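Asks: My structure file start_13.csv, CSV, C-alpha atoms and all ligand atoms, is below:
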chain,number,residue,atom,x,y,z
A,1,MET,CA,17.5,6.2,-7.1
A,2,TYR,CA,14.4,5.6,-9.4
A,3,THR,CA,13.1,6.2,-12.9
A,4,ASN,CA,9.7,6.6,-14.6
A,5,LYS,CA,7.9,8.4,-11.8
A,6,VAL,CA,5.7,11.4,-11.9
A,7,ILE,CA,5.4,12.9,-8.3
A,8,PRO,CA,3.7,16.1,-7.2
A,9,LYS,CA,6.2,18.3,-5.4
A,10,VAL,CA,4.2,18.6,-2.2
A,11,ILE,CA,4.4,14.9,-1.5
A,12,LEU,CA,7.8,14.2,-3.0
A,13,PRO,CA,9.6,13.5,0.3
A,14,GLU,CA,7.0,11.0,1.5
A,15,VAL,CA,6.7,9.3,-1.9
A,16,GLU,CA,10.5,9.0,-2.1
A,17,LYS,CA,10.7,7.6,1.4
A,18,ALA,CA,8.0,5.0,0.6
A,19,LEU,CA,9.7,4.1,-2.7
A,20,SER,CA,13.0,3.6,-1.0
A,21,PHE,CA,11.5,0.4,0.6
A,22,TYR,CA,10.6,-1.1,-2.7
A,23,PRO,CA,13.7,-1.7,-4.9
A,24,GLU,CA,11.6,-3.9,-7.2
A,25,LEU,CA,9.5,-0.8,-8.2
A,26,LYS,CA,12.6,1.3,-9.0
A,27,ASP,CA,11.9,1.5,-12.8
A,28,VAL,CA,8.2,0.6,-12.9
A,29,PRO,CA,6.3,3.6,-14.4
A,30,ILE,CA,4.1,5.1,-11.7
A,31,THR,CA,2.2,8.4,-11.8
A,32,PHE,CA,1.1,9.9,-8.5
A,33,GLN,CA,-1.8,12.2,-9.1
A,34,PHE,CA,-4.1,14.3,-7.0
A,35,LYS,CA,-7.8,14.0,-7.7
A,36,LYS,CA,-10.8,15.9,-6.3
A,37,SER,CA,-12.5,13.0,-4.7
A,38,ILE,CA,-12.3,9.2,-4.9
A,39,LYS,CA,-15.2,7.0,-4.1
A,40,LYS,CA,-15.0,5.5,-0.6
A,41,SER,CA,-11.2,5.8,-0.3
A,42,THR,CA,-8.4,8.3,0.1
A,43,MET,CA,-5.9,6.7,-2.3
A,44,GLN,CA,-6.2,4.2,-5.1
A,45,ALA,CA,-3.7,2.3,-7.1
A,46,GLN,CA,-4.6,1.0,-10.6
A,47,PRO,CA,-3.0,0.2,-14.0
A,48,LYS,CA,-3.3,3.1,-16.5
A,49,TYR,CA,-6.0,2.4,-19.0
A,50,LYS,CA,-3.8,3.0,-22.0
A,51,SER,CA,-1.3,0.4,-20.9
A,52,PHE,CA,-3.9,-2.1,-19.7
A,53,PHE,CA,-3.7,-4.5,-22.7
A,54,MET,CA,0.1,-4.2,-23.0
A,55,PRO,CA,2.3,-7.0,-21.7
A,56,LYS,CA,2.7,-6.8,-18.0
A,57,HIS,CA,6.3,-5.7,-18.2
A,58,LYS,CA,5.1,-2.6,-20.1
A,59,ARG,CA,2.2,-1.8,-17.8
A,60,GLU,CA,2.1,1.6,-16.2
A,61,TYR,CA,0.4,2.5,-13.0
A,62,ILE,CA,-1.4,5.4,-11.5
A,63,ILE,CA,-1.9,6.2,-7.8
A,64,LEU,CA,-4.7,8.6,-7.3
A,65,ILE,CA,-4.6,10.6,-4.2
A,66,SER,CA,-7.7,12.5,-2.9
A,67,ASN,CA,-6.9,16.2,-2.4
A,68,LYS,CA,-8.9,16.2,0.7
A,69,PHE,CA,-9.5,13.8,3.4
A,70,HIS,CA,-13.0,13.8,4.8
A,71,ILE,CA,-13.6,13.2,8.4
A,72,GLU,CA,-17.3,13.5,9.1
A,73,GLN,CA,-18.3,17.0,8.0
A,74,GLU,CA,-14.8,18.4,8.2
A,75,GLU,CA,-12.2,18.4,5.4
A,76,TYR,CA,-8.5,18.1,5.8
A,77,LYS,CA,-5.9,18.6,3.2
A,78,ILE,CA,-3.9,15.5,2.6
A,79,THR,CA,-0.8,17.5,2.8
A,80,ASP,CA,-1.6,18.5,6.4
A,81,MET,CA,-1.4,14.9,7.4
A,82,ASP,CA,1.4,13.7,9.7
A,83,LYS,CA,4.4,12.7,7.5
A,84,ASP,CA,4.6,9.1,8.7
A,85,VAL,CA,0.9,8.6,8.2
A,86,LEU,CA,1.1,9.8,4.7
A,87,THR,CA,4.3,7.7,4.0
A,88,GLY,CA,2.4,4.6,5.4
A,89,TRP,CA,-0.6,5.3,3.2
A,90,ILE,CA,1.6,5.6,0.1
A,91,GLY,CA,3.5,2.4,1.2
A,92,HIS,CA,0.2,0.5,1.3
A,93,GLU,CA,-0.6,1.7,-2.3
A,94,LEU,CA,2.8,0.6,-3.5
A,95,GLY,CA,2.0,-2.8,-1.9
A,96,HIS,CA,-1.0,-2.9,-4.4
A,97,VAL,CA,1.4,-2.2,-7.3
A,98,MET,CA,3.6,-5.1,-6.1
A,99,ASP,CA,0.5,-7.3,-6.1
A,100,TYR,CA,-0.5,-6.2,-9.7
A,101,LYS,CA,2.8,-6.2,-11.4
A,102,ASP,CA,3.1,-10.0,-11.9
A,103,ARG,CA,-0.5,-10.5,-12.9
A,104,SER,CA,-1.4,-11.1,-16.6
A,105,THR,CA,-3.8,-8.8,-18.4
A,106,PHE,CA,-6.5,-11.5,-18.0
A,107,GLY,CA,-5.6,-11.9,-14.4
A,108,MET,CA,-6.0,-8.1,-13.9
A,109,LEU,CA,-9.4,-8.2,-15.6
A,110,ILE,CA,-10.7,-10.9,-13.3
A,111,PHE,CA,-9.1,-9.1,-10.4
A,112,GLY,CA,-11.0,-5.9,-11.2
A,113,LEU,CA,-14.3,-7.7,-11.5
A,114,LYS,CA,-13.9,-9.5,-8.3
A,115,TYR,CA,-13.0,-6.3,-6.5
A,116,LEU,CA,-16.3,-4.8,-7.6
A,117,PHE,CA,-18.5,-7.7,-6.4
A,118,SER,CA,-16.8,-9.5,-3.6
A,119,SER,CA,-16.0,-8.0,-0.2
A,120,ALA,CA,-14.1,-11.2,0.7
A,121,HIS,CA,-11.8,-10.4,-2.3
A,122,ILE,CA,-11.4,-6.8,-1.2
A,123,GLN,CA,-10.3,-8.1,2.2
A,124,GLU,CA,-7.8,-10.4,0.6
A,125,VAL,CA,-6.4,-7.7,-1.6
A,126,GLU,CA,-6.1,-5.2,1.2
A,127,ARG,CA,-4.3,-7.7,3.4
A,128,ALA,CA,-1.9,-8.5,0.5
A,129,ALA,CA,-1.0,-4.8,0.2
A,130,ASP,CA,-0.3,-4.4,3.9
A,131,THR,CA,1.7,-7.7,3.9
A,132,TYR,CA,3.9,-6.4,1.0
A,133,ALA,CA,4.5,-3.2,2.9
A,134,VAL,CA,5.4,-5.0,6.1
A,135,GLN,CA,7.6,-7.5,4.3
A,136,HIS,CA,9.4,-4.5,2.8
A,137,GLY,CA,10.1,-3.1,6.3
A,138,MET,CA,7.4,-0.4,6.4
A,139,HIS,CA,5.5,-1.6,9.5
A,140,LYS,CA,6.3,1.5,11.5
A,141,TYR,CA,4.6,3.6,8.8
A,142,ILE,CA,1.7,1.2,8.3
A,143,LEU,CA,1.0,1.2,12.0
A,144,ALA,CA,1.1,5.0,12.0
A,145,THR,CA,-1.6,5.1,9.3
A,146,LYS,CA,-3.8,2.6,11.1
A,147,ASP,CA,-3.4,4.4,14.4
A,148,PHE,CA,-4.4,7.7,12.7
A,149,ILE,CA,-7.6,6.2,11.4
A,150,LEU,CA,-8.6,3.9,14.3
A,151,ASN,CA,-7.7,6.2,17.2
A,152,ASN,CA,-9.0,9.4,15.7
A,153,SER,CA,-12.1,10.6,17.5
A,154,HIS,CA,-13.1,12.7,14.5
A,155,ILE,CA,-13.4,9.8,12.1
A,156,SER,CA,-16.9,8.4,11.8
A,157,PRO,CA,-17.7,5.0,13.3
A,158,GLU,CA,-18.9,3.9,9.9
A,159,TYR,CA,-15.5,4.6,8.3
A,160,LYS,CA,-13.7,2.9,11.1
A,161,ALA,CA,-15.9,-0.1,10.9
A,162,ARG,CA,-15.2,-0.5,7.2
A,163,ILE,CA,-11.5,-0.2,7.8
A,164,LYS,CA,-11.7,-2.8,10.6
A,165,ARG,CA,-13.7,-5.2,8.5
A,166,LEU,CA,-11.5,-5.0,5.4
A,167,TYR,CA,-8.0,-4.2,6.6
A,168,MET,CA,-5.5,-5.9,8.8
A,169,SER,CA,-5.6,-4.8,12.4
A,170,PRO,CA,-2.5,-3.3,14.2
A,171,GLU,CA,-2.3,-6.5,16.2
A,172,GLU,CA,-2.2,-8.6,13.0
A,173,ILE,CA,0.5,-6.3,11.7
A,174,MET,CA,2.6,-6.9,14.8
A,175,GLU,CA,2.0,-10.6,14.5
A,176,LEU,CA,3.3,-10.5,10.9
A,177,VAL,CA,6.3,-8.5,12.0
A,178,ASN,CA,7.1,-11.1,14.7
A,179,THR,CA,6.6,-14.0,12.3
A,180,LEU,CA,8.9,-12.3,9.7
A,181,GLY,CA,11.4,-11.6,12.4
A,182,ALA,CA,11.3,-15.2,13.6
A,183,LYS,CA,11.7,-16.5,10.0
A,184,LYS,CA,14.8,-14.3,9.6
A,185,THR,CA,16.3,-15.5,12.8
A,186,GLU,CA,15.6,-19.1,11.8
A,187,GLU,CA,17.3,-18.5,8.4
A,188,GLU,CA,20.3,-17.0,10.1
A,189,VAL,CA,20.6,-19.9,12.5
A,190,ASP,CA,20.3,-22.3,9.6
A,191,LYS,CA,23.1,-20.4,7.8
A,192,GLU,CA,25.3,-20.6,10.9
A,193,LEU,CA,24.6,-24.3,11.3
A,194,GLU,CA,25.5,-24.8,7.6
A,195,LYS,CA,28.7,-22.9,8.1
A,196,SER,CA,29.7,-24.9,11.2
A,197,ALA,CA,28.9,-28.1,9.4
A,198,LEU,CA,31.4,-27.3,6.7
B,201,ZN,ZN,-5.6,-0.6,-0.4
Rewrite the structure from the file as structure tokens, please.
Replies:
Amino acid sequence: MYTNKVIPKVILPEVEKALSFYPELKDVPITFQFKKSIKKSTMQAQPKYKSFFMPKHKREYIILISNKFHIEQEEYKITDMDKDVLTGWIGHELGHVMDYKDRSTFGMLIFGLKYLFSSAHIQEVERAADTYAVQHGMHKYILATKDFILNNSHISPEYKARIKRLYMSPEEIMELVNTLGAKKTEEEVDKELEKSAL
């Protein structure tokens, strides 16, 4: 099924589900690890420091997962989250790994610097992660995650505003799904036409 993964037992089914959509990541070393708290986010995908200067095919990744999800003053355990929402969240992080894996070390360095200083770049990167997830057939899960955040009355307006500003909206996800669907249909029609031309 896959190799080179470290996955905490409590989230094993959701991680395996998300991984099943990404055959390209089958052997890529990825450690999923719980952390007490992560600045401004719930999960975070990054290269492991020890492998940072290795050639990209030897690079290893870590996906940090906050133990707790903060909604205003209340705390929720990540493991209490709806399964599809959690799967979508992990699918988005795996989208980041897809985005990283073909970048050179120098490319990753520039990437990291830009992420720190440019919100336009953050927007671009977050859209890329969602796009990878949707292209890999995960739109149902990605939409579940967005719905969880955007339609949750307990989540603060500030957090929602940040998500709206930086991430793709559910409407944009649907547009992407439709475009990808149309492309597929076009390809199939082309194939049929080719066949009939023979
Ligand atoms: Zn992200």
Asks: For ligand ZN 201 (chain B), which residue among A:Trp89, A:Tyr49, A:Tyr159, A:Phe117 is the nearest when counting all atoms listed in the file?
Replies: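 When distances to ligand ZN 201 (chain B) are compared using all atoms listed in the file, the smallest one comes from A:Trp89.
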Asks: Kindly assemble as a tab-separated table a list of the chain A residues that lie within 10 Å of ligand ZN 201 (chain B), each paired with its nearest atom pair and their distance in Å to one decimal, using only C-alpha atoms and all ligand atoms, sorted first by chain and then by ascending residue number.
Replies:
residue	atom	partner	partner_atom	distance
A:Ser41	CA	B:ZN201	ZN	8.5
A:Thr42	CA	B:ZN201	ZN	9.3
A:Met43	CA	B:ZN201	ZN	7.5
A:Gln44	CA	B:ZN201	ZN	6.7
A:Ala45	CA	B:ZN201	ZN	7.5
A:Trp89	CA	B:ZN201	ZN	8.5
A:Ile90	CA	B:ZN201	ZN	9.5
A:Gly91	CA	B:ZN201	ZN	9.7
A:His92	CA	B:ZN201	ZN	6.1
A:Glu93	CA	B:ZN201	ZN	5.8
A:Leu94	CA	B:ZN201	ZN	9.0
A:Gly95	CA	B:ZN201	ZN	8.1
A:His96	CA	B:ZN201	ZN	6.5
A:Val97	CA	B:ZN201	ZN	10.0
A:Ile122	CA	B:ZN201	ZN	8.5
A:Gln123	CA	B:ZN201	ZN	9.2
A:Val125	CA	B:ZN201	ZN	7.2
A:Glu126	CA	B:ZN201	ZN	4.9
A:Arg127	CA	B:ZN201	ZN	8.2
A:Ala128	CA	B:ZN201	ZN	8.8
A:Ala129	CA	B:ZN201	ZN	6.3
A:Asp130	CA	B:ZN201	ZN	7.8
A:Leu166	CA	B:ZN201	ZN	9.4
A:Tyr167	CA	B:ZN201	ZN	8.2
Asks: Could you tell me how far atom CA of A:His139 sits from atom CA of A:Ala18, in Å to one decimal place?
Replies: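 We find that atom CA of A:Ala18 and atom CA of A:His139 lie 11.4 Å from each other.
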Asks: Write out, as a Markdown table, each residue of stretch 101-129 of chain A that has an atom at most 10 Å from stretch 51-59 of chain A, together with the closest pair of atoms and their distance in Å to one decimal, counting only C-alpha atoms, rows going by chain and rising number.
Replies:
| residue | atom | partner | partner_atom | distance |
| --- | --- | --- | --- | --- |
| A:Lys101 | CA | A:Lys56 | CA | 6.6 |
| A:Asp102 | CA | A:Lys56 | CA | 6.9 |
| A:Arg103 | CA | A:Lys56 | CA | 7.1 |
| A:Ser104 | CA | A:Lys56 | CA | 6.1 |
| A:Thr105 | CA | A:Phe53 | CA | 6.1 |
| A:Phe106 | CA | A:Phe53 | CA | 8.9 |
| A:Met108 | CA | A:Phe52 | CA | 8.6 |
| A:Leu109 | CA | A:Phe52 | CA | 9.2 |
Asks: Just want the 10 Å neighbourhood of A:Lys48, counted on all atoms listed in the file, with same-chain residues fewer than 6 positions away dropped. Output as an mmCIF file with C-alpha atoms, keeping the file's coordinate frame.
Replies:
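Contents of selection-v9.cif, freshly written:
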data_model
loop_
_atom_site.group_PDB
_atom_site.id
_atom_site.type_symbol
_atom_site.label_atom_id
_atom_site.label_comp_id
_atom_site.auth_asym_id
_atom_site.auth_seq_id
_atom_site.Cartn_x
_atom_site.Cartn_y
_atom_site.Cartn_z
ATOM 1 C CA PRO A 29 6.300 3.600 -14.400
ATOM 2 C CA ILE A 30 4.100 5.100 -11.700
ATOM 3 C CA THR A 31 2.200 8.400 -11.800
ATOM 4 C CA ARG A 59 2.200 -1.800 -17.800
ATOM 5 C CA GLU A 60 2.100 1.600 -16.200
ATOM 6 C CA TYR A 61 0.400 2.500 -13.000
ATOM 7 C CA ILE A 62 -1.400 5.400 -11.500
ATOM 8 C CA ILE A 63 -1.900 6.200 -7.800
#
Asks: With N, CA and C atoms as the target, complete stretch 91-125 of chain A and hand it back as a short mmCIF file (atom, residue, chain, number, x, y, z; two decimals), in the frame of the given file.
Replies:
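The result, written out as result35.cif:
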data_model
loop_
_atom_site.label_atom_id
_atom_site.label_comp_id
_atom_site.auth_asym_id
_atom_site.auth_seq_id
_atom_site.Cartn_x
_atom_site.Cartn_y
_atom_site.Cartn_z
N GLY A 91 2.90 3.76 1.11
CA GLY A 91 3.50 2.40 1.20
C GLY A 91 2.49 1.32 0.94
N HIS A 92 1.29 1.51 1.47
CA HIS A 92 0.20 0.50 1.30
C HIS A 92 -0.17 0.50 -0.23
N GLU A 93 -0.27 1.66 -0.86
CA GLU A 93 -0.60 1.70 -2.30
C GLU A 93 0.47 1.04 -3.14
N LEU A 94 1.72 1.26 -2.77
CA LEU A 94 2.80 0.60 -3.50
C LEU A 94 2.74 -0.92 -3.32
N GLY A 95 2.21 -1.35 -2.18
CA GLY A 95 2.00 -2.80 -1.90
C GLY A 95 0.98 -3.31 -2.97
N HIS A 96 -0.04 -2.51 -3.33
CA HIS A 96 -1.00 -2.90 -4.40
C HIS A 96 -0.26 -3.06 -5.72
N VAL A 97 0.64 -2.12 -6.03
CA VAL A 97 1.40 -2.20 -7.30
C VAL A 97 2.21 -3.49 -7.34
N MET A 98 2.84 -3.83 -6.21
CA MET A 98 3.60 -5.10 -6.10
C MET A 98 2.72 -6.27 -6.47
N ASP A 99 1.49 -6.21 -5.94
CA ASP A 99 0.50 -7.30 -6.10
C ASP A 99 0.09 -7.36 -7.61
N TYR A 100 -0.05 -6.20 -8.27
CA TYR A 100 -0.50 -6.20 -9.70
C TYR A 100 0.57 -6.58 -10.66
N LYS A 101 1.81 -6.24 -10.34
CA LYS A 101 2.80 -6.20 -11.40
C LYS A 101 3.13 -7.57 -12.03
N ASP A 102 2.87 -8.65 -11.30
CA ASP A 102 3.10 -10.00 -11.90
C ASP A 102 1.89 -10.63 -12.44
N ARG A 103 0.76 -9.94 -12.39
CA ARG A 103 -0.50 -10.50 -12.90
C ARG A 103 -0.55 -10.27 -14.44
N SER A 104 -1.15 -11.24 -15.13
CA SER A 104 -1.40 -11.10 -16.60
C SER A 104 -2.52 -10.11 -16.80
N THR A 105 -2.71 -9.70 -18.05
CA THR A 105 -3.80 -8.80 -18.40
C THR A 105 -5.16 -9.48 -18.01
N PHE A 106 -5.28 -10.75 -18.37
CA PHE A 106 -6.50 -11.50 -18.00
C PHE A 106 -6.68 -11.56 -16.53
N GLY A 107 -5.58 -11.83 -15.85
CA GLY A 107 -5.60 -11.90 -14.40
C GLY A 107 -6.08 -10.56 -13.78
N MET A 108 -5.63 -9.45 -14.37
CA MET A 108 -6.00 -8.10 -13.90
C MET A 108 -7.51 -7.87 -14.11
N LEU A 109 -8.00 -8.37 -15.22
CA LEU A 109 -9.40 -8.20 -15.60
C LEU A 109 -10.31 -8.92 -14.56
N ILE A 110 -9.96 -10.15 -14.30
CA ILE A 110 -10.70 -10.90 -13.30
C ILE A 110 -10.62 -10.26 -11.95
N PHE A 111 -9.40 -9.83 -11.65
CA PHE A 111 -9.10 -9.10 -10.40
C PHE A 111 -10.08 -7.94 -10.21
N GLY A 112 -10.19 -7.11 -11.24
CA GLY A 112 -11.00 -5.90 -11.20
C GLY A 112 -12.49 -6.25 -10.98
N LEU A 113 -12.94 -7.28 -11.67
CA LEU A 113 -14.30 -7.70 -11.50
C LEU A 113 -14.64 -8.18 -10.14
N LYS A 114 -13.74 -9.01 -9.63
CA LYS A 114 -13.90 -9.50 -8.30
C LYS A 114 -13.95 -8.42 -7.25
N TYR A 115 -13.09 -7.42 -7.48
CA TYR A 115 -13.00 -6.30 -6.50
C TYR A 115 -14.34 -5.58 -6.44
N LEU A 116 -15.02 -5.51 -7.58
CA LEU A 116 -16.30 -4.80 -7.60
C LEU A 116 -17.41 -5.57 -6.87
N PHE A 117 -17.32 -6.90 -6.91
CA PHE A 117 -18.50 -7.70 -6.40
C PHE A 117 -18.25 -8.48 -5.17
N SER A 118 -17.03 -8.62 -4.73
CA SER A 118 -16.80 -9.50 -3.60
C SER A 118 -16.06 -8.80 -2.45
N SER A 119 -16.70 -8.69 -1.30
CA SER A 119 -16.00 -8.00 -0.20
C SER A 119 -14.93 -8.95 0.38
N ALA A 120 -15.11 -10.28 0.23
CA ALA A 120 -14.10 -11.20 0.70
C ALA A 120 -12.81 -10.98 -0.14
N HIS A 121 -12.99 -10.69 -1.43
CA HIS A 121 -11.80 -10.40 -2.30
C HIS A 121 -11.16 -9.11 -1.92
N ILE A 122 -11.96 -8.09 -1.62
CA ILE A 122 -11.40 -6.80 -1.20
C ILE A 122 -10.51 -7.03 0.02
N GLN A 123 -11.04 -7.80 0.96
CA GLN A 123 -10.30 -8.10 2.20
C GLN A 123 -8.96 -8.74 1.89
N GLU A 124 -9.01 -9.72 1.00
CA GLU A 124 -7.80 -10.40 0.60
C GLU A 124 -6.76 -9.50 0.00
N VAL A 125 -7.25 -8.64 -0.89
CA VAL A 125 -6.40 -7.70 -1.60
C VAL A 125 -5.77 -6.67 -0.68
#
